[in-house]
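Novice: Structure below; questions to follow.
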Amino acid sequence: MLLSLAVTLAVSACQRDASPGATDATPAARPPALDEGRLPPVNRFQVADLDTSKNACTDFAGYANAKFLAANPIPGDRTSWGAFEMLDERSTAVQQQLAQQAAADAGATGVAKLVGDFWATGMDEAKINAQGIEPLKDELAAIDALSDSAGVVAWLQQTAAKGQGFLIGVGAMPDFQDSSINIAATGQGGLGLPDTTYYSDDTHAQIRDAYVSHIAKVLELSGVPAADAQRQAKDVMAFETRLAKVSKSRAEFSRDVSLYYNPMQVADADKLTPNFSWTKFFEAQGIAQPKLFSVSVPDYFKEVDAMLSDVPVEQWKSYLRFHVVDGASPYLSEAFVQQHYDFHNKTLSGQKEMKPRWKRVLDTINGQVDEAMGQMYVDVAFPAESKAKMEALVANLGEALKARIQNLEWMSGETKAKALEKQAAFTTKIGYTDKWRDWNGLETGRESYLDNVLAAQEFNYRWQIGKIGEPVDRTEWQMPPQMVNAYYNPLQNEIVFPAAILQPPFFDPEATDEMNYGGIGAVIGHEMSHGYDDQGSRFGATGKFENWWTEADAAAFKERTGKLVAQFDGYKTADGRALNGTHTLGENIGDLGGLAMAYDAMKEATAGTPDPMTDGLSRDQRFFLNWATVWRRNFTPEELSKRLVTDEHALAQFRAVGAPSNLPAFAAAFGCKPGDAMVRDGDRQVVIW
């Protein structure tokens, strides 16, 4: 899918509905026990990590994390390294054992067969190399045969029906006005660089040059003569640059959720794009013509339609050929894999070495049959007691949020009542789904890695569009349990915590209260706060896109969030580049509200008990130090540059200090004084939720 809207709208800490008639999948047979000796250690806060040469009141990130980060450089196959990545390595190591066991079981069925087939074919490098580009032969021949725009339109329709709608596609999304029903939705796509700004900003000129070289090399690998490939590469870049001019940037999408929702009748969409019939498109997908469907960024589709008229078919063919091959390159022979890595990983993100094949195959499994792997993962990696303790934490955070809303001085009683109604309606999901996805109908085998990928893409697309017009299945998750993350979904008003994040430093059933509240407690609060950030606050208790604010309260909210924008605009990287406080506003609201309510909940949970003063640190100090531990992270220079443009989250080092600097409890815990960097008082202090 070019734009999975339901996933895009879910807001993660650092984000599917079952098809009609889906049934609970047959549970996987319990796999053999894991070899714990093959798993990397978890990342816990250690007092020895503190750099006591630094002052917590002036350089809290350095005090808490500099020593650890200096001793833990970024591995060659990574572009960042910290708490999230270390847990991801552990999750990946668990998955490796499960995939190996599944592939070795000749009688495997169900989810184990799917995982085993992907693993076996993906790890058979000799067969993949011998096949070369042969698996794409028929698709490339179809592109070569195109002779006019009508043929291009037919090709776009037919490939979209196989789940390959890179330029134009459709999916299911809860209706913003009635989130209990799924509607059809489409949005912009078609770009090969990370963001629209990469096509115009001077800072990305070298990336643009490298991209043109990459396009030429991919085309040449696919069989295009070198001289022709260089000329065609410039045509592809011109094609994408034209699309980028009418597309929205990541920053624009992050701060205006309404851009995703633009319902119109199919007949009106046909008028919007006279050269591309949406009526025929839906017919080609096997979808009954919807009464309404959401067309995000209409100008994008107007431009695609114009290009069907005025862009020569040969230029269209170059564009389509490149993206077909580039998209398939990770599953083809060594030369394609290397070229894909050289640009997408090394040039764009600064990755020093390619991931080993087994990790790349697991990436594919998680991209195509993630919940199948997840069903196996939770059977060995998520103890029942973790879920019980998490439920208690969530309940306590909910009470803390409720109290904070009730005590807000800047909000009227009318808006408070709506805010409290939304808090009471939160749904919480912990660990993994109660109803596993049914994979019946997905046929995989041991002959071709790419064939398995293409089969899964089409199966997943069919499953996705099968939801259009159907009730939303509220049991479904937007993330698999083996993913180290969490999210808030405004359309369902739900907070979700996959199993893999429920480990240190976030969560430890054996840890003291302050550590869990400073870790997963703040993450829980963060996700709850997303329901009240600048975009989540535009949805009501049922997930409907609606305004539940009085005019005065909305103005007061905007004034307070403006101060948070200014705070993060003021942060600069080591080389002097400023953060974008507007782009990262939603996540910063989540951090500020989440940490504040986690602190309140921790104090309530420990009331009346003596401070244990562990390792000479007070309970409050350890609470804030575990928060900082969560946000210890190094980036390659290239990855840092990319995230400054594309990531709606502030860089980790500033997340470590941004929220606590606004909390008087932090200053009290570390004895900070007015004027210290970690003390934002008076008009500079930001208090929202």
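How things are named: the first chain in the structure tokens is A, the next is B, and so on; residues count from 1 in each chain; ligands count from 1 in the order shown.
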Residues at most 12 Å from range 306-314 of chain A, counting only C-alpha atoms, excluding those fewer than 4 positions away in the same chain, as an MDAnalysis selection string?

Specialist: chainID A and resid 143:154 156 228 231:232 235:236 238:240 242:243 272:277 299:302 318:321

Novice: Got a sec to tell me which of range 5-157 of chain A DSSP assigns to strand (DSSP E), as a list in words?

Specialist: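 Matching residues for strand (DSSP E) in range 5-157 of chain A are Val11, Ser12, Ser80, Trp81 and Gly82 of chain A.
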
Novice: What does the distance from CA of Leu617 in chain A to CA of Leu397 in chain A come to in Å, to one decimal?

Specialist: 23.9 Å

Novice: Could you name the residues that touch Gln157 in chain A at 8 Å or less, counting only C-alpha atoms, but leaving out those on the same chain fewer than 3 positions away, as a short mmCIF file (atom, residue, chain, number, x, y, z; two decimals) with N, CA and C atoms, in the first residue's frame?

Specialist:
data_model
loop_
_atom_site.label_atom_id
_atom_site.label_comp_id
_atom_site.auth_asym_id
_atom_site.auth_seq_id
_atom_site.Cartn_x
_atom_site.Cartn_y
_atom_site.Cartn_z
N VAL A 153 -2.39 3.27 -17.55
CA VAL A 153 -3.51 3.23 -16.60
C VAL A 153 -3.89 1.79 -16.29
N ALA A 154 -3.99 0.97 -17.32
CA ALA A 154 -4.35 -0.43 -17.12
C ALA A 154 -3.30 -1.14 -16.27
N ALA A 160 -1.92 -2.64 -8.89
CA ALA A 160 -2.53 -2.29 -7.60
C ALA A 160 -3.34 -3.46 -7.07
N ALA A 161 -4.01 -4.18 -7.97
CA ALA A 161 -4.82 -5.34 -7.57
C ALA A 161 -3.96 -6.46 -6.99
N PHE A 281 -11.10 1.63 -11.74
CA PHE A 281 -10.10 1.19 -10.78
C PHE A 281 -10.72 0.28 -9.73
N ALA A 284 -11.46 -3.04 -11.14
CA ALA A 284 -10.25 -3.85 -11.30
C ALA A 284 -9.78 -4.45 -9.98
N GLN A 285 -10.08 -3.76 -8.87
CA GLN A 285 -9.69 -4.28 -7.56
C GLN A 285 -10.68 -5.30 -7.03
#

Novice: Can you pull out the residues contacting range 646-650 of chain A? Cut-off 9 Å, using only C-alpha atoms, and skip same-chain residues under 3 positions away; I want them as an NGL selection string.

Specialist: :A and (13-14 or 194-195 or 249-251 or 254 or 568 or 579-588 or 641-643 or 653-655)

Novice: Hey, can you check how far CA of Gly192 in chain A sits from CA of Gln368 in chain A?

Specialist: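 Separation of CA of Gly192 in chain A and CA of Gln368 in chain A: 20.3 Å.
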
Novice: Identify, on the basis of only C-alpha atoms, every residue whose closest approach to range 506-519 of chain A does not exceed 8 Å; exclude the query and any residue fewer than 5 positions from it along the same chain; express the result as a list in words.

Specialist: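 Within the cut-off, the hits are Glu385, Ser386, Lys389, Leu393, Ile501, Leu595, Ala598, Tyr599, Ala601, Met602, Ala605, Thr606, Arg619, Asp620, Arg622, Phe623, Phe624, Leu625, Asn626, Trp627 and Val630 of chain A.
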
Novice: What's the 7 Å shell around range 480-494 of chain A, counting only C-alpha atoms, without same-chain residues fewer than 5 positions away, as a ChimeraX atom specification?

Specialist: /A:9-15,84,87-88,91,174,179,370-371,374,377-378,426-428,431-432,499-501,527,530-531,536,539,541-544

Novice: Which residue, A:Thr196, A:Thr415, A:Ser329, A:Thr444, has the smallest gap to Pro135 in chain A when you use only C-alpha atoms?

Specialist: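 Residue with the minimum atom-to-atom distance to Pro135 in chain A: A:Ser329.
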
Novice: If you run DSSP on the backbone, which residues of range 200-336 of chain A are alpha helix (DSSP H), as a ChimeraX atom specification?

Specialist: /A:205-221,226-245,250-254,266-272,278-285,298-310,313-328,334-336

Novice: Tell me which of A:Glu639, A:Asp138, A:Asp615, A:Asp117 sits closest to Phe45 in chain A, counting only C-alpha atoms.

Specialist: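 For Phe45 in chain A, the nearest of the given residues is A:Asp615.
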
Novice: Would you pick out the contacts of Trp81 in chain A at 10 Å or less, using only C-alpha atoms, so that residues sharing its chain but fewer than 2 positions from it are not included, and give the list as a VMD selection string?

Specialist: chain A and resid 69 72 to 75 78 to 79 83 to 86 632 to 636
